[in-house]
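Trainee: Dumping the structure here so I can ask a few things about it.
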Amino acid sequence: MRLEAKNIGFRYGNGPWLFQHTNLTVEPGEIVGLTGPSGRGKTTFCRILSGYEKPPEGKVTIGGLPIISKGMHPVQLVFQHPEKAVNPRWKMGKVLNEGGRPDLELLDLLGIEQEWLTRWPGELSGGELQRFCVARALGAGTRFLIADEMTTMLDAITQAQIWHAVIEIARKREMGIIVVSHEAKLVERLCHRVIELH
Ligand SMILES: Nc1ncnc2c1ncn2[C@@H]1O[C@H](COP(=O)(O)OP(=O)(O)OP(=O)(O)O)[C@@H](O)[C@H]1O
């Protein structure tokens, strides 16, 4: 089931068009890099793909069908700031369960410790918190993951561990990934192909 964005046009309110006639196809199991200068609309495009924004022009489909808005979205977005992505009043066990029953192998691959599940978000480091956001995004129903500067604020070792886990799971499940990053080396290393938003 491929993810397709066809003829997408978007602008905020009555502002100028950020992009128009934009197309993207990602196959299951494919890893695609999305690059472009700052402010060009990469994050906005990712938000459209994952259902947070409805484009005034064009459509997004999976397997040729529009995405149903009930339940967990099959296109999951993980962005740079994990502290903005979790409810500060929920302990981590509950945060994790938002993505469905956690996959123990995945938690292990991501280096999530059992003891962290009883902590509040504010009691974890940024890197520890981001591991939870990744685990939550990789629920059983996820077909495509969008990593929008997902590991940008992390040290090289944590970055490598998270990507190793994500790639491993993606390979097993034939999940597609879109990688948005300003780190050219990371994009080059991870992706089968790279497209530029312009
Ligand atoms: N809610 C909003 N209302 C109005 N304009 C917005 C809104 N969100 C983003 N923008 C504008 O849309 C443009 C594209 O932003 P976006 O975050 O998608 O770009 P980007 O390519 O991801 O940038 P970066 O690489 O710096 O993260 C920017 O000029 C931004 O100021």
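Lettering and numbering for the structure tokens are positional, with chains as A, B, ... in the shown order, residues counted from 1 in each chain, and ligands counted from 1 in the shown order.
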Hey, which bits of chain A sit within 12 Å of ligand 1, and for each residue what's the closest pair of atoms and how far apart in Å (one decimal), counting only C-alpha atoms and all ligand atoms, rows by chain and increasing number, as a Markdown table?
Mentor:
```
| residue | atom | partner | partner_atom_place_in_ligand_line | distance |
| --- | --- | --- | --- | --- |
| A:Phe10 | CA | ligand 1 | 12 (O) | 9.5 |
| A:Arg11 | CA | ligand 1 | 12 (O) | 7.8 |
| A:Tyr12 | CA | ligand 1 | 4 (C) | 5.0 |
| A:Gly13 | CA | ligand 1 | 4 (C) | 7.4 |
| A:Asn14 | CA | ligand 1 | 4 (C) | 9.6 |
| A:Gly15 | CA | ligand 1 | 4 (C) | 7.8 |
| A:Pro16 | CA | ligand 1 | 12 (O) | 9.4 |
| A:Trp17 | CA | ligand 1 | 12 (O) | 9.3 |
| A:Leu18 | CA | ligand 1 | 13 (C) | 6.6 |
| A:Phe19 | CA | ligand 1 | 14 (C) | 9.4 |
| A:Leu34 | CA | ligand 1 | 21 (O) | 9.6 |
| A:Thr35 | CA | ligand 1 | 21 (O) | 8.0 |
| A:Gly36 | CA | ligand 1 | 21 (O) | 6.4 |
| A:Pro37 | CA | ligand 1 | 25 (O) | 5.9 |
| A:Ser38 | CA | ligand 1 | 25 (O) | 3.5 |
| A:Gly39 | CA | ligand 1 | 19 (O) | 3.5 |
| A:Arg40 | CA | ligand 1 | 21 (O) | 3.9 |
| A:Gly41 | CA | ligand 1 | 18 (O) | 3.2 |
| A:Lys42 | CA | ligand 1 | 21 (O) | 3.8 |
| A:Thr43 | CA | ligand 1 | 22 (O) | 3.7 |
| A:Thr44 | CA | ligand 1 | 18 (O) | 3.7 |
| A:Phe45 | CA | ligand 1 | 18 (O) | 6.5 |
| A:Cys46 | CA | ligand 1 | 18 (O) | 8.0 |
| A:Arg47 | CA | ligand 1 | 18 (O) | 8.3 |
| A:Ile48 | CA | ligand 1 | 18 (O) | 10.0 |
| A:Tyr52 | CA | ligand 1 | 1 (N) | 11.2 |
| A:Glu53 | CA | ligand 1 | 1 (N) | 9.8 |
| A:Phe79 | CA | ligand 1 | 27 (O) | 10.0 |
| A:Gln80 | CA | ligand 1 | 27 (O) | 9.5 |
| A:His81 | CA | ligand 1 | 27 (O) | 11.8 |
| A:Ala147 | CA | ligand 1 | 22 (O) | 11.7 |
| A:Asp148 | CA | ligand 1 | 22 (O) | 8.1 |
| A:Glu149 | CA | ligand 1 | 27 (O) | 8.1 |
| A:Met150 | CA | ligand 1 | 27 (O) | 11.5 |
| A:Thr152 | CA | ligand 1 | 27 (O) | 11.2 |
| A:Val179 | CA | ligand 1 | 22 (O) | 11.9 |
| A:Val180 | CA | ligand 1 | 22 (O) | 8.3 |
| A:Ser181 | CA | ligand 1 | 25 (O) | 7.9 |
| A:His182 | CA | ligand 1 | 25 (O) | 7.2 |
| A:Glu183 | CA | ligand 1 | 25 (O) | 11.0 |
| A:Glu196 | CA | ligand 1 | 21 (O) | 10.4 |
| A:Leu197 | CA | ligand 1 | 21 (O) | 8.2 |
| A:His198 | CA | ligand 1 | 21 (O) | 9.8 |
```
Trainee: Would you kindly return, as a ChimeraX atom specification, each protein, DNA or RNA residue with an atom no farther than 9 Å from any atom of A:Thr151, considering only C-alpha atoms and excluding same-chain residues fewer than 6 positions away?
Mentor: /A:79-80,127,130,158-160,162-163,181
Trainee: Which neighbours of A:Leu3 fall inside 9 Å, counting only C-alpha atoms, when residues of the same chain fewer than 2 positions from it are skipped, and could you give them as a list in words?
Mentor: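 Near A:Leu3, the qualifying residues are Met1, Ala5, Leu24, Thr25, Val26, Glu27, Pro28, Leu49, Val60, Thr61, Ile62, Gly63, Gly64, Val75, Arg143, Phe144 and Gly176 of chain A.
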Trainee: For the selection you just gave me, I'd like the residues written to a file as a compact mmCIF listing (two decimals), in the first residue's frame, keeping C-alpha atoms.
Mentor:
```txt
# COMPACT_ATOMS: atom_id res chain seq x y z
CA MET A 1 0.00 0.00 0.00
CA ALA A 5 0.33 12.89 -2.14
CA LEU A 24 5.21 12.51 -3.53
CA THR A 25 4.93 8.73 -3.61
CA VAL A 26 6.47 6.47 -0.99
CA GLU A 27 6.38 2.70 -1.35
CA PRO A 28 6.16 0.30 1.61
CA LEU A 49 0.75 13.74 5.03
CA VAL A 60 -3.32 12.18 0.21
CA THR A 61 -4.10 8.49 -0.19
CA ILE A 62 -2.85 5.12 1.05
CA GLY A 63 -3.29 2.22 -1.31
CA GLY A 64 -5.30 4.57 -3.53
CA VAL A 75 1.05 7.95 8.87
CA ARG A 143 2.38 2.08 7.76
CA PHE A 144 4.56 5.16 7.29
CA GLY A 176 7.94 3.40 4.68
```
Trainee: Which residues, written as a PyMOL selection string, have at least one atom at most 6 Å from A:Ile146, with only C-alpha atoms counted and residues fewer than 4 positions away on the same chain left out?
Mentor: chain A and resi 77+177-178
Trainee: If you count only C-alpha atoms, which residues fall within 8 Å of stretch 120-122 of chain A, apart from same-chain ones fewer than 4 positions away, as a ChimeraX atom specification?
Mentor: /A:83,86-92,129
Trainee: Rounded to one decimal in Å, what is the spacing between atom CA of A:Leu186 and atom CA of A:Ile157?
Mentor: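 Atom CA of A:Ile157 lies 13.3 Å from atom CA of A:Leu186.
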Trainee: Which of these residues is nearest to A:Gln76, using only C-alpha atoms: A:Arg171, A:Arg136, A:Arg189, A:Arg2?
Mentor: A:Arg136
Trainee: Please extract the residues of chain A with a backbone DSSP assignment of strand (DSSP E) and present them as a count of residues only.
Mentor: 47
Trainee: Compare A:Gln114, A:Thr22, A:Asn97, A:Thr142 by their minimum atom-to-atom distance to A:His73, counting only C-alpha atoms, and give me the closest one.
Mentor: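 Closest to A:His73 of all the choices is A:Thr142.
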Trainee: Write out as a PyMOL selection string the set of residues from chain A that DSSP, computed on the backbone, places in helix (DSSP H, G or I).
Mentor: chain A and resi 42-49+82-84+92-97+104-109+114-118+121-123+126-137+156-173+184-190
Trainee: Tell me which of A:Gln20, A:Ile8, A:Gly139, A:Asp108 sits closest to A:Arg173, counting only C-alpha atoms.
Mentor: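 Checking each candidate against A:Arg173, we get A:Gly139 as the closest.
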Trainee: Out of A:Gly93, A:Gly29, A:Pro102, A:Gly111, which residue has the shortest atom-to-atom distance to A:Leu138 when counting only C-alpha atoms?
Mentor: A:Pro102
Trainee: Under the rule of at most 10 Å, produce a per-residue listing of stretch 78-151 of chain A near stretch 67-72 of chain A: chain, number, name, the closest pair of atoms, and the distance in Å, as a tab-separated table, using only C-alpha atoms.
Mentor:
```
residue	atom	partner	partner_atom	distance
A:Glu98	CA	A:Met72	CA	8.8
A:Gly99	CA	A:Met72	CA	7.3
A:Gly100	CA	A:Met72	CA	8.6
A:Ala137	CA	A:Met72	CA	9.2
A:Gly139	CA	A:Met72	CA	8.4
A:Ala140	CA	A:Met72	CA	9.6
A:Gly141	CA	A:Met72	CA	7.1
A:Thr142	CA	A:Met72	CA	7.9
```
Trainee: If you keep C-alpha atoms, can you produce a file of those selected residues as a short mmCIF file (atom, residue, chain, number, x, y, z; two decimals), in the first residue's frame?
Mentor:
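The resulting part01.cif:
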```cif
data_model
loop_
_atom_site.label_atom_id
_atom_site.label_comp_id
_atom_site.auth_asym_id
_atom_site.auth_seq_id
_atom_site.Cartn_x
_atom_site.Cartn_y
_atom_site.Cartn_z
CA GLU A 98 -1.65 5.99 23.32
CA GLY A 99 0.04 4.14 20.44
CA GLY A 100 -1.63 0.83 21.37
CA ALA A 137 4.52 6.40 16.78
CA GLY A 139 2.16 1.26 16.89
CA ALA A 140 0.97 -1.87 15.07
CA GLY A 141 -1.17 0.15 12.62
CA THR A 142 1.58 2.49 11.47
#
```
Trainee: For a quick check of understanding, using only C-alpha atoms, which of A:Leu145, A:Lys185, A:Leu154, A:His21 has the smallest distance to A:Ala170?
Mentor: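 Once distances to A:Ala170 are computed over only C-alpha atoms, the minimum belongs to A:Leu145.
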